[in-house]
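K.L.:
Structure file input_18.cif, mmCIF, N, CA and C atoms, is pasted below:
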```cif
data_final
loop_
_atom_site.label_atom_id
_atom_site.label_comp_id
_atom_site.auth_asym_id
_atom_site.auth_seq_id
_atom_site.Cartn_x
_atom_site.Cartn_y
_atom_site.Cartn_z
N MET T 14 -10.15 27.91 -2.45
CA MET T 14 -9.91 28.68 -1.25
C MET T 14 -9.31 27.82 -0.15
N LYS T 15 -9.79 26.53 -0.07
CA LYS T 15 -9.25 25.63 0.95
C LYS T 15 -7.76 25.43 0.77
N THR T 16 -7.34 25.31 -0.48
CA THR T 16 -5.92 25.08 -0.75
C THR T 16 -5.08 26.28 -0.35
N ILE T 17 -5.56 27.47 -0.65
CA ILE T 17 -4.81 28.68 -0.28
C ILE T 17 -4.70 28.79 1.24
N LEU T 18 -5.81 28.57 1.94
CA LEU T 18 -5.78 28.62 3.40
C LEU T 18 -4.86 27.55 3.98
N ASN T 19 -4.88 26.35 3.38
CA ASN T 19 -4.01 25.28 3.88
C ASN T 19 -2.54 25.61 3.67
N VAL T 20 -2.19 26.22 2.55
CA VAL T 20 -0.78 26.56 2.29
C VAL T 20 -0.32 27.65 3.27
N VAL T 21 -1.15 28.67 3.47
CA VAL T 21 -0.79 29.73 4.42
C VAL T 21 -0.70 29.13 5.83
N TRP T 22 -1.66 28.26 6.17
CA TRP T 22 -1.66 27.58 7.47
C TRP T 22 -0.38 26.79 7.66
N LEU T 23 0.01 26.03 6.63
CA LEU T 23 1.21 25.20 6.70
C LEU T 23 2.44 26.04 6.97
N VAL T 24 2.56 27.17 6.33
CA VAL T 24 3.73 28.02 6.50
C VAL T 24 3.75 28.69 7.87
N LEU T 25 2.60 29.21 8.31
CA LEU T 25 2.58 29.99 9.55
C LEU T 25 2.56 29.15 10.81
N CYS T 26 1.78 28.07 10.83
CA CYS T 26 1.72 27.32 12.09
C CYS T 26 1.50 25.83 11.92
N GLY T 27 1.01 25.38 10.80
CA GLY T 27 0.69 23.97 10.63
C GLY T 27 1.87 23.04 10.77
N PHE T 28 2.99 23.42 10.18
CA PHE T 28 4.18 22.57 10.25
C PHE T 28 4.68 22.45 11.68
N TRP T 29 4.64 23.55 12.42
CA TRP T 29 5.14 23.54 13.80
C TRP T 29 4.22 22.75 14.71
N MET T 30 2.91 22.88 14.49
CA MET T 30 1.97 22.09 15.29
C MET T 30 2.11 20.60 14.95
N PHE T 31 2.33 20.30 13.67
CA PHE T 31 2.56 18.92 13.26
C PHE T 31 3.78 18.34 13.96
N LEU T 32 4.85 19.13 14.05
CA LEU T 32 6.05 18.66 14.75
C LEU T 32 5.77 18.40 16.23
N GLY T 33 4.94 19.22 16.85
CA GLY T 33 4.55 18.99 18.25
C GLY T 33 3.79 17.69 18.41
N TYR T 34 2.85 17.44 17.51
CA TYR T 34 2.09 16.18 17.57
C TYR T 34 2.99 14.99 17.26
N LEU T 35 3.92 15.16 16.33
CA LEU T 35 4.86 14.08 16.01
C LEU T 35 5.73 13.75 17.21
N ALA T 36 6.23 14.77 17.89
CA ALA T 36 7.05 14.54 19.09
C ALA T 36 6.23 13.85 20.18
N ALA T 37 4.99 14.31 20.38
CA ALA T 37 4.13 13.67 21.39
C ALA T 37 3.85 12.22 21.01
N GLY T 38 3.59 11.97 19.74
CA GLY T 38 3.32 10.61 19.29
C GLY T 38 4.51 9.68 19.47
N LEU T 39 5.69 10.18 19.16
CA LEU T 39 6.89 9.36 19.33
C LEU T 39 7.16 9.06 20.80
N LEU T 40 6.98 10.06 21.65
CA LEU T 40 7.16 9.83 23.09
C LEU T 40 6.13 8.84 23.65
N LEU T 41 4.91 8.95 23.18
CA LEU T 41 3.86 8.07 23.69
C LEU T 41 4.00 6.65 23.16
N CYS T 42 4.62 6.48 22.01
CA CYS T 42 4.79 5.14 21.43
C CYS T 42 5.96 4.37 22.03
N ILE T 43 6.66 4.94 22.98
CA ILE T 43 7.81 4.25 23.59
C ILE T 43 7.34 2.98 24.29
N THR T 44 6.22 3.07 24.98
CA THR T 44 5.71 1.89 25.68
C THR T 44 4.56 1.27 24.89
N ILE T 45 4.29 0.02 25.14
CA ILE T 45 3.20 -0.67 24.45
C ILE T 45 1.86 -0.07 24.85
N ILE T 46 1.71 0.30 26.09
CA ILE T 46 0.45 0.89 26.56
C ILE T 46 0.20 2.24 25.89
N GLY T 47 1.25 2.96 25.56
CA GLY T 47 1.11 4.28 24.97
C GLY T 47 0.88 4.30 23.47
N ILE T 48 0.94 3.15 22.81
CA ILE T 48 0.80 3.12 21.35
C ILE T 48 -0.55 3.69 20.87
N PRO T 49 -1.69 3.35 21.48
CA PRO T 49 -2.94 3.98 21.01
C PRO T 49 -2.92 5.50 21.14
N PHE T 50 -2.26 6.00 22.18
CA PHE T 50 -2.16 7.44 22.36
C PHE T 50 -1.24 8.05 21.31
N GLY T 51 -0.16 7.37 21.00
CA GLY T 51 0.75 7.84 19.95
C GLY T 51 0.07 7.87 18.59
N LEU T 52 -0.71 6.84 18.29
CA LEU T 52 -1.43 6.81 17.02
C LEU T 52 -2.46 7.94 16.94
N ALA T 53 -3.10 8.25 18.06
CA ALA T 53 -4.04 9.38 18.09
C ALA T 53 -3.29 10.68 17.84
N ALA T 54 -2.10 10.82 18.39
CA ALA T 54 -1.29 12.03 18.16
C ALA T 54 -0.91 12.16 16.69
N PHE T 55 -0.55 11.05 16.06
CA PHE T 55 -0.20 11.08 14.64
C PHE T 55 -1.42 11.46 13.80
N ARG T 56 -2.58 10.92 14.14
CA ARG T 56 -3.81 11.20 13.40
C ARG T 56 -4.17 12.69 13.50
N ILE T 57 -4.09 13.24 14.70
CA ILE T 57 -4.41 14.65 14.87
C ILE T 57 -3.32 15.53 14.25
N GLY T 58 -2.09 15.06 14.29
CA GLY T 58 -0.99 15.81 13.68
C GLY T 58 -1.17 15.99 12.18
N ILE T 59 -1.64 14.96 11.51
CA ILE T 59 -1.90 15.07 10.07
C ILE T 59 -3.04 16.05 9.82
N TYR T 60 -4.05 16.00 10.69
CA TYR T 60 -5.15 16.95 10.59
C TYR T 60 -4.66 18.38 10.86
N ALA T 61 -3.76 18.55 11.81
CA ALA T 61 -3.22 19.87 12.12
C ALA T 61 -2.30 20.38 11.01
N LEU T 62 -1.79 19.48 10.20
CA LEU T 62 -0.92 19.87 9.09
C LEU T 62 -1.72 20.48 7.93
N TRP T 63 -2.94 19.98 7.70
CA TRP T 63 -3.75 20.38 6.55
C TRP T 63 -5.22 20.38 6.96
N PRO T 64 -5.69 21.33 7.80
CA PRO T 64 -7.02 21.23 8.41
C PRO T 64 -8.20 21.68 7.55
N PHE T 65 -7.98 22.60 6.64
CA PHE T 65 -9.12 23.12 5.89
C PHE T 65 -9.60 22.07 4.89
N GLY T 66 -10.89 21.84 4.87
CA GLY T 66 -11.46 20.79 4.05
C GLY T 66 -11.75 19.53 4.84
N HIS T 67 -11.49 19.58 6.14
CA HIS T 67 -11.77 18.46 7.04
C HIS T 67 -12.47 18.99 8.28
N ARG T 68 -13.16 18.11 8.96
CA ARG T 68 -13.78 18.50 10.23
C ARG T 68 -13.83 17.30 11.15
N VAL T 69 -14.03 17.57 12.42
CA VAL T 69 -14.07 16.53 13.46
C VAL T 69 -15.53 16.24 13.78
N VAL T 70 -15.88 14.95 13.80
CA VAL T 70 -17.24 14.54 14.17
C VAL T 70 -17.16 13.54 15.32
N GLU T 71 -18.20 13.53 16.13
CA GLU T 71 -18.29 12.58 17.24
C GLU T 71 -18.63 11.20 16.69
N ARG T 72 -18.01 10.18 17.25
CA ARG T 72 -18.37 8.80 16.91
C ARG T 72 -19.40 8.32 17.92
N ARG T 73 -20.54 7.92 17.44
CA ARG T 73 -21.62 7.47 18.32
C ARG T 73 -21.33 6.11 18.94
N ASP T 74 -20.46 5.32 18.30
CA ASP T 74 -20.18 3.98 18.81
C ASP T 74 -19.03 3.93 19.80
N ALA T 75 -18.46 5.09 20.14
CA ALA T 75 -17.37 5.13 21.12
C ALA T 75 -17.94 4.87 22.51
N GLY T 76 -17.29 4.01 23.26
CA GLY T 76 -17.79 3.64 24.57
C GLY T 76 -16.94 4.18 25.70
N SER T 77 -17.01 3.49 26.82
CA SER T 77 -16.29 3.93 28.01
C SER T 77 -14.77 3.86 27.86
N PRO T 78 -14.20 2.93 27.05
CA PRO T 78 -12.74 2.97 26.89
C PRO T 78 -12.24 4.29 26.30
N SER T 79 -13.03 4.90 25.43
CA SER T 79 -12.59 6.18 24.88
C SER T 79 -12.63 7.27 25.95
N CYS T 80 -13.55 7.17 26.90
CA CYS T 80 -13.60 8.13 28.00
C CYS T 80 -12.36 8.00 28.88
N VAL T 81 -11.99 6.78 29.20
CA VAL T 81 -10.78 6.54 30.00
C VAL T 81 -9.55 7.00 29.23
N GLY T 82 -9.54 6.70 27.93
CA GLY T 82 -8.42 7.14 27.09
C GLY T 82 -8.30 8.65 27.05
N ASN T 83 -9.43 9.35 26.99
CA ASN T 83 -9.40 10.81 26.97
C ASN T 83 -8.85 11.39 28.27
N VAL T 84 -9.20 10.79 29.40
CA VAL T 84 -8.68 11.27 30.68
C VAL T 84 -7.16 11.09 30.73
N LEU T 85 -6.69 9.92 30.32
CA LEU T 85 -5.24 9.68 30.30
C LEU T 85 -4.54 10.59 29.30
N TRP T 86 -5.16 10.79 28.14
CA TRP T 86 -4.59 11.66 27.13
C TRP T 86 -4.46 13.09 27.65
N LEU T 87 -5.50 13.56 28.33
CA LEU T 87 -5.49 14.92 28.87
C LEU T 87 -4.32 15.12 29.82
N VAL T 88 -4.04 14.11 30.63
CA VAL T 88 -2.93 14.20 31.59
C VAL T 88 -1.58 14.09 30.88
N LEU T 89 -1.47 13.18 29.92
CA LEU T 89 -0.18 12.90 29.30
C LEU T 89 0.24 13.95 28.27
N ALA T 90 -0.68 14.33 27.38
CA ALA T 90 -0.26 15.19 26.28
C ALA T 90 -1.26 16.27 25.91
N GLY T 91 -2.51 16.08 26.22
CA GLY T 91 -3.56 16.97 25.72
C GLY T 91 -3.44 18.41 26.17
N TRP T 92 -3.10 18.62 27.42
CA TRP T 92 -3.09 19.99 27.94
C TRP T 92 -2.02 20.85 27.27
N TRP T 93 -0.83 20.29 27.01
CA TRP T 93 0.20 21.14 26.42
C TRP T 93 0.03 21.28 24.92
N LEU T 94 -0.60 20.30 24.25
CA LEU T 94 -0.91 20.49 22.84
C LEU T 94 -2.00 21.54 22.66
N ALA T 95 -3.01 21.52 23.55
CA ALA T 95 -4.06 22.53 23.51
C ALA T 95 -3.49 23.91 23.81
N LEU T 96 -2.53 23.97 24.72
CA LEU T 96 -1.88 25.24 25.03
C LEU T 96 -1.15 25.80 23.81
N GLY T 97 -0.55 24.91 23.02
CA GLY T 97 0.09 25.34 21.77
C GLY T 97 -0.92 25.92 20.79
N HIS T 98 -2.10 25.31 20.71
CA HIS T 98 -3.14 25.84 19.82
C HIS T 98 -3.66 27.19 20.33
N ILE T 99 -3.81 27.33 21.63
CA ILE T 99 -4.28 28.60 22.19
C ILE T 99 -3.27 29.71 21.90
N THR T 100 -2.00 29.41 22.13
CA THR T 100 -0.95 30.40 21.92
C THR T 100 -0.87 30.83 20.46
N THR T 101 -0.80 29.87 19.54
CA THR T 101 -0.70 30.24 18.13
C THR T 101 -1.98 30.87 17.63
N GLY T 102 -3.13 30.47 18.16
CA GLY T 102 -4.39 31.09 17.77
C GLY T 102 -4.45 32.55 18.15
N ILE T 103 -4.01 32.87 19.35
CA ILE T 103 -4.00 34.27 19.80
C ILE T 103 -3.02 35.09 18.96
N VAL T 104 -1.84 34.55 18.69
CA VAL T 104 -0.85 35.27 17.89
C VAL T 104 -1.37 35.51 16.48
N LEU T 105 -2.02 34.51 15.88
CA LEU T 105 -2.53 34.67 14.53
C LEU T 105 -3.69 35.65 14.46
N CYS T 106 -4.48 35.75 15.50
CA CYS T 106 -5.63 36.67 15.51
C CYS T 106 -5.24 38.13 15.65
N ILE T 107 -3.97 38.40 15.84
CA ILE T 107 -3.51 39.79 15.95
C ILE T 107 -3.65 40.50 14.60
N THR T 108 -3.41 39.78 13.51
CA THR T 108 -3.52 40.38 12.18
C THR T 108 -4.86 40.01 11.55
N ILE T 109 -5.32 40.83 10.64
CA ILE T 109 -6.59 40.56 9.96
C ILE T 109 -6.48 39.31 9.09
N ILE T 110 -5.36 39.13 8.42
CA ILE T 110 -5.18 37.96 7.56
C ILE T 110 -5.13 36.68 8.38
N GLY T 111 -4.62 36.77 9.59
CA GLY T 111 -4.46 35.58 10.42
C GLY T 111 -5.70 35.16 11.18
N ILE T 112 -6.77 35.96 11.16
CA ILE T 112 -7.96 35.64 11.94
C ILE T 112 -8.57 34.29 11.55
N PRO T 113 -8.75 33.96 10.25
CA PRO T 113 -9.29 32.63 9.93
C PRO T 113 -8.39 31.50 10.42
N LEU T 114 -7.08 31.73 10.40
CA LEU T 114 -6.14 30.71 10.87
C LEU T 114 -6.19 30.58 12.38
N GLY T 115 -6.36 31.71 13.07
CA GLY T 115 -6.51 31.67 14.52
C GLY T 115 -7.77 30.93 14.93
N ILE T 116 -8.86 31.18 14.22
CA ILE T 116 -10.12 30.48 14.50
C ILE T 116 -9.95 28.99 14.26
N ALA T 117 -9.23 28.62 13.20
CA ALA T 117 -8.98 27.19 12.94
C ALA T 117 -8.16 26.58 14.07
N ASN T 118 -7.23 27.33 14.62
CA ASN T 118 -6.46 26.85 15.77
C ASN T 118 -7.37 26.60 16.97
N PHE T 119 -8.30 27.51 17.20
CA PHE T 119 -9.22 27.35 18.32
C PHE T 119 -10.15 26.15 18.10
N LYS T 120 -10.48 25.84 16.84
CA LYS T 120 -11.32 24.68 16.54
C LYS T 120 -10.58 23.36 16.78
N LEU T 121 -9.26 23.41 16.78
CA LEU T 121 -8.45 22.21 17.03
C LEU T 121 -8.31 21.90 18.52
N ILE T 122 -8.66 22.84 19.38
CA ILE T 122 -8.48 22.63 20.82
C ILE T 122 -9.30 21.46 21.36
N PRO T 123 -10.59 21.32 21.04
CA PRO T 123 -11.33 20.18 21.60
C PRO T 123 -10.77 18.82 21.21
N VAL T 124 -10.35 18.66 19.96
CA VAL T 124 -9.80 17.37 19.54
C VAL T 124 -8.41 17.16 20.12
N SER T 125 -7.68 18.24 20.38
CA SER T 125 -6.36 18.06 20.99
C SER T 125 -6.48 17.73 22.48
N LEU T 126 -7.56 18.14 23.11
CA LEU T 126 -7.77 17.81 24.52
C LEU T 126 -8.32 16.40 24.71
N MET T 127 -9.27 16.01 23.86
CA MET T 127 -9.93 14.70 24.01
C MET T 127 -10.15 14.08 22.63
N PRO T 128 -9.15 13.37 22.09
CA PRO T 128 -9.25 12.86 20.72
C PRO T 128 -10.02 11.55 20.57
N PHE T 129 -10.15 10.79 21.61
CA PHE T 129 -10.80 9.48 21.49
C PHE T 129 -12.31 9.66 21.41
N GLY T 130 -12.94 8.89 20.52
CA GLY T 130 -14.37 9.02 20.31
C GLY T 130 -14.70 10.07 19.25
N LYS T 131 -13.67 10.54 18.55
CA LYS T 131 -13.87 11.51 17.49
C LYS T 131 -13.21 10.98 16.22
N GLU T 132 -13.74 11.43 15.09
CA GLU T 132 -13.22 11.01 13.81
C GLU T 132 -13.04 12.24 12.92
N ILE T 133 -11.98 12.25 12.14
CA ILE T 133 -11.71 13.36 11.22
C ILE T 133 -12.20 12.93 9.84
N VAL T 134 -13.13 13.71 9.29
CA VAL T 134 -13.70 13.39 7.98
C VAL T 134 -13.49 14.56 7.03
N SER T 135 -13.44 14.24 5.77
CA SER T 135 -13.33 15.26 4.74
C SER T 135 -14.69 15.90 4.52
N THR T 136 -14.70 17.18 4.29
CA THR T 136 -15.98 17.83 4.04
C THR T 136 -16.55 17.42 2.69
N ASP T 137 -15.71 16.95 1.77
CA ASP T 137 -16.19 16.45 0.48
C ASP T 137 -16.92 15.13 0.66
N GLU T 138 -16.42 14.24 1.55
CA GLU T 138 -17.08 12.96 1.81
C GLU T 138 -18.42 13.16 2.49
N GLU T 139 -18.52 14.22 3.26
CA GLU T 139 -19.73 14.49 4.02
C GLU T 139 -20.94 14.69 3.10
N PHE T 140 -20.72 15.31 1.95
CA PHE T 140 -21.82 15.59 1.04
C PHE T 140 -21.94 14.56 -0.08
N ALA T 141 -21.10 13.53 -0.08
CA ALA T 141 -21.13 12.52 -1.14
C ALA T 141 -22.41 11.69 -1.09
N GLY T 142 -23.01 11.54 0.09
CA GLY T 142 -24.19 10.72 0.22
C GLY T 142 -25.48 11.44 -0.16
N TRP T 143 -25.43 12.71 -0.49
CA TRP T 143 -26.65 13.47 -0.80
C TRP T 143 -27.12 13.17 -2.17
#
```
Could you quickly redo this structure as structure tokens?

P.N.:
Amino acid sequence: MKTILNVVWLVLCGFWMFLGYLAAGLLLCITIIGIPFGLAAFRIGIYALWPFGHRVVERRDAGSPSCVGNVLWLVLAGWWLALGHITTGIVLCITIIGIPLGIANFKLIPVSLMPFGKEIVSTDEEFAGW
């Protein structure tokens, strides 16, 4: 089921959201100071390309630099990437088939607003330790 949802996601909105994150990452990597922000954009972009089967978890070891990074990220790129997720989520929720994809878009909003201090893990890895 994850694969089917990911393929439909990729066709309807995943590829376009990935391109948005790729553009943000390339723009942010222009300066040396922006490289960590660009890498975060690339990391989230890959997650936005194929989200089903993965989830975002808080990192307990993230400190105050991640808080500062999140504030800068919010100003530089986070607000318009989150706006893209809101827009595509609303459009996808118009149809019954698109509702799971719209909900997935809404789940991407917190990580698109504040990516530092979060980690993307596979749901298969999550249960490997049981």

K.L.:
Step by step, work through what the PyMOL selection byres (((chain T and resi 73 and name CA) around 12) and name CA) selects in the shown file, and finish by giving those residues as a list in words.

P.N.:
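On the file shown, the PyMOL selection byres (((chain T and resi 73 and name CA) around 12) and name CA) covers Val70, Glu71, Arg72, Asp74, Ala75, Gly76, Ser77, Ser79, Phe129, Gly130, Lys131 and Glu132 of chain T.
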
K.L.:
On this structure, the PyMOL selection byres (((chain T and resi 82 and name CA) around 12) and name CA) would catch which residues? List them as a list in words, sorted by chain and number.

P.N.:
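Evaluating the PyMOL selection byres (((chain T and resi 82 and name CA) around 12) and name CA) on this file yields Ile46, Gly47, Ile48, Pro49, Phe50, Gly51, Ala53, Ala75, Gly76, Ser77, Pro78, Ser79, Cys80, Val81, Asn83, Val84, Leu85, Trp86, Leu87, Val88, Leu89, Ala90, Gly91, Leu126, Met127, Pro128, Phe129, Gly130 and Lys131 of chain T.
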
K.L.:
To one decimal place in Å, what is the distance between CA of Val21 (chain T) and CA of Ala37 (chain T)?

P.N.:
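CA of Ala37 (chain T) lies at a distance of 23.9 Å from CA of Val21 (chain T).
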
K.L.:
Please write as a list in words the full residue list that the PyMOL selection byres (((chain T and resi 58-64 and name CA) around 8) and name CA) yields on this file.

P.N.:
Asn19, Trp22, Leu23, Gly27, Phe28, Met30, Phe31, Leu32, Gly33, Tyr34, Leu35, Ala54, Phe55, Arg56, Ile57, Phe65, Gly66, His67, Arg68, Ala117, Leu121 and Ile133 of chain T

K.L.:
Let's have the selection written as a short mmCIF file (atom, residue, chain, number, x, y, z; two decimals), in the coordinates of the input, with N, CA and C atoms.

P.N.:
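Okay, this is what ended up in again-v8.cif:
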```
data_model
loop_
_atom_site.label_atom_id
_atom_site.label_comp_id
_atom_site.auth_asym_id
_atom_site.auth_seq_id
_atom_site.Cartn_x
_atom_site.Cartn_y
_atom_site.Cartn_z
N ASN T 19 -4.88 26.35 3.38
CA ASN T 19 -4.01 25.28 3.88
C ASN T 19 -2.54 25.61 3.67
N TRP T 22 -1.66 28.26 6.17
CA TRP T 22 -1.66 27.58 7.47
C TRP T 22 -0.38 26.79 7.66
N LEU T 23 0.01 26.03 6.63
CA LEU T 23 1.21 25.20 6.70
C LEU T 23 2.44 26.04 6.97
N GLY T 27 1.01 25.38 10.80
CA GLY T 27 0.69 23.97 10.63
C GLY T 27 1.87 23.04 10.77
N PHE T 28 2.99 23.42 10.18
CA PHE T 28 4.18 22.57 10.25
C PHE T 28 4.68 22.45 11.68
N MET T 30 2.91 22.88 14.49
CA MET T 30 1.97 22.09 15.29
C MET T 30 2.11 20.60 14.95
N PHE T 31 2.33 20.30 13.67
CA PHE T 31 2.56 18.92 13.26
C PHE T 31 3.78 18.34 13.96
N LEU T 32 4.85 19.13 14.05
CA LEU T 32 6.05 18.66 14.75
C LEU T 32 5.77 18.40 16.23
N GLY T 33 4.94 19.22 16.85
CA GLY T 33 4.55 18.99 18.25
C GLY T 33 3.79 17.69 18.41
N TYR T 34 2.85 17.44 17.51
CA TYR T 34 2.09 16.18 17.57
C TYR T 34 2.99 14.99 17.26
N LEU T 35 3.92 15.16 16.33
CA LEU T 35 4.86 14.08 16.01
C LEU T 35 5.73 13.75 17.21
N ALA T 54 -2.10 10.82 18.39
CA ALA T 54 -1.29 12.03 18.16
C ALA T 54 -0.91 12.16 16.69
N PHE T 55 -0.55 11.05 16.06
CA PHE T 55 -0.20 11.08 14.64
C PHE T 55 -1.42 11.46 13.80
N ARG T 56 -2.58 10.92 14.14
CA ARG T 56 -3.81 11.20 13.40
C ARG T 56 -4.17 12.69 13.50
N ILE T 57 -4.09 13.24 14.70
CA ILE T 57 -4.41 14.65 14.87
C ILE T 57 -3.32 15.53 14.25
N PHE T 65 -7.98 22.60 6.64
CA PHE T 65 -9.12 23.12 5.89
C PHE T 65 -9.60 22.07 4.89
N GLY T 66 -10.89 21.84 4.87
CA GLY T 66 -11.46 20.79 4.05
C GLY T 66 -11.75 19.53 4.84
N HIS T 67 -11.49 19.58 6.14
CA HIS T 67 -11.77 18.46 7.04
C HIS T 67 -12.47 18.99 8.28
N ARG T 68 -13.16 18.11 8.96
CA ARG T 68 -13.78 18.50 10.23
C ARG T 68 -13.83 17.30 11.15
N ALA T 117 -9.23 28.62 13.20
CA ALA T 117 -8.98 27.19 12.94
C ALA T 117 -8.16 26.58 14.07
N LEU T 121 -9.26 23.41 16.78
CA LEU T 121 -8.45 22.21 17.03
C LEU T 121 -8.31 21.90 18.52
N ILE T 133 -11.98 12.25 12.14
CA ILE T 133 -11.71 13.36 11.22
C ILE T 133 -12.20 12.93 9.84
#
```

K.L.:
With only N, CA and C atoms as the counted atoms, please give the residues lying no more than 7 Å from Gly102 (chain T), apart from itself and same-chain residues fewer than 2 positions off, as a list in words.

P.N.:
Gly97, His98, Ile99, Thr100, Val104, Leu105, Cys106, Ile107, Leu114, Gly115, Ile116, Ala117, Asn118 and Phe119 of chain T

K.L.:
What is the CA of Trp92 (chain T) to CA of Pro113 (chain T) distance in Å?

P.N.:
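We find that CA of Trp92 (chain T) and CA of Pro113 (chain T) lie 22.9 Å from each other.
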
K.L.:
Would you return as a VMD selection string the members of chain T that DSSP assigns to helix (DSSP H, G or I) on this structure's backbone?

P.N.:
chain T and resid 15 to 41 48 to 62 77 to 105 112 to 120 122 to 126 136 to 139

K.L.:
Tell me, in Å to one decimal, how far CA of Leu96 (chain T) is from CA of Ile122 (chain T).

P.N.:
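So the two atoms, CA of Leu96 (chain T) and CA of Ile122 (chain T), lie 8.3 Å apart.
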
K.L.:
With distances taken over only C-alpha atoms, which residue among T:Leu94, T:Val69, T:Ile112, T:Val134 lies nearest Ala36 (chain T)?

P.N.:
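Ranked by minimum distance to Ala36 (chain T), first place goes to T:Leu94.
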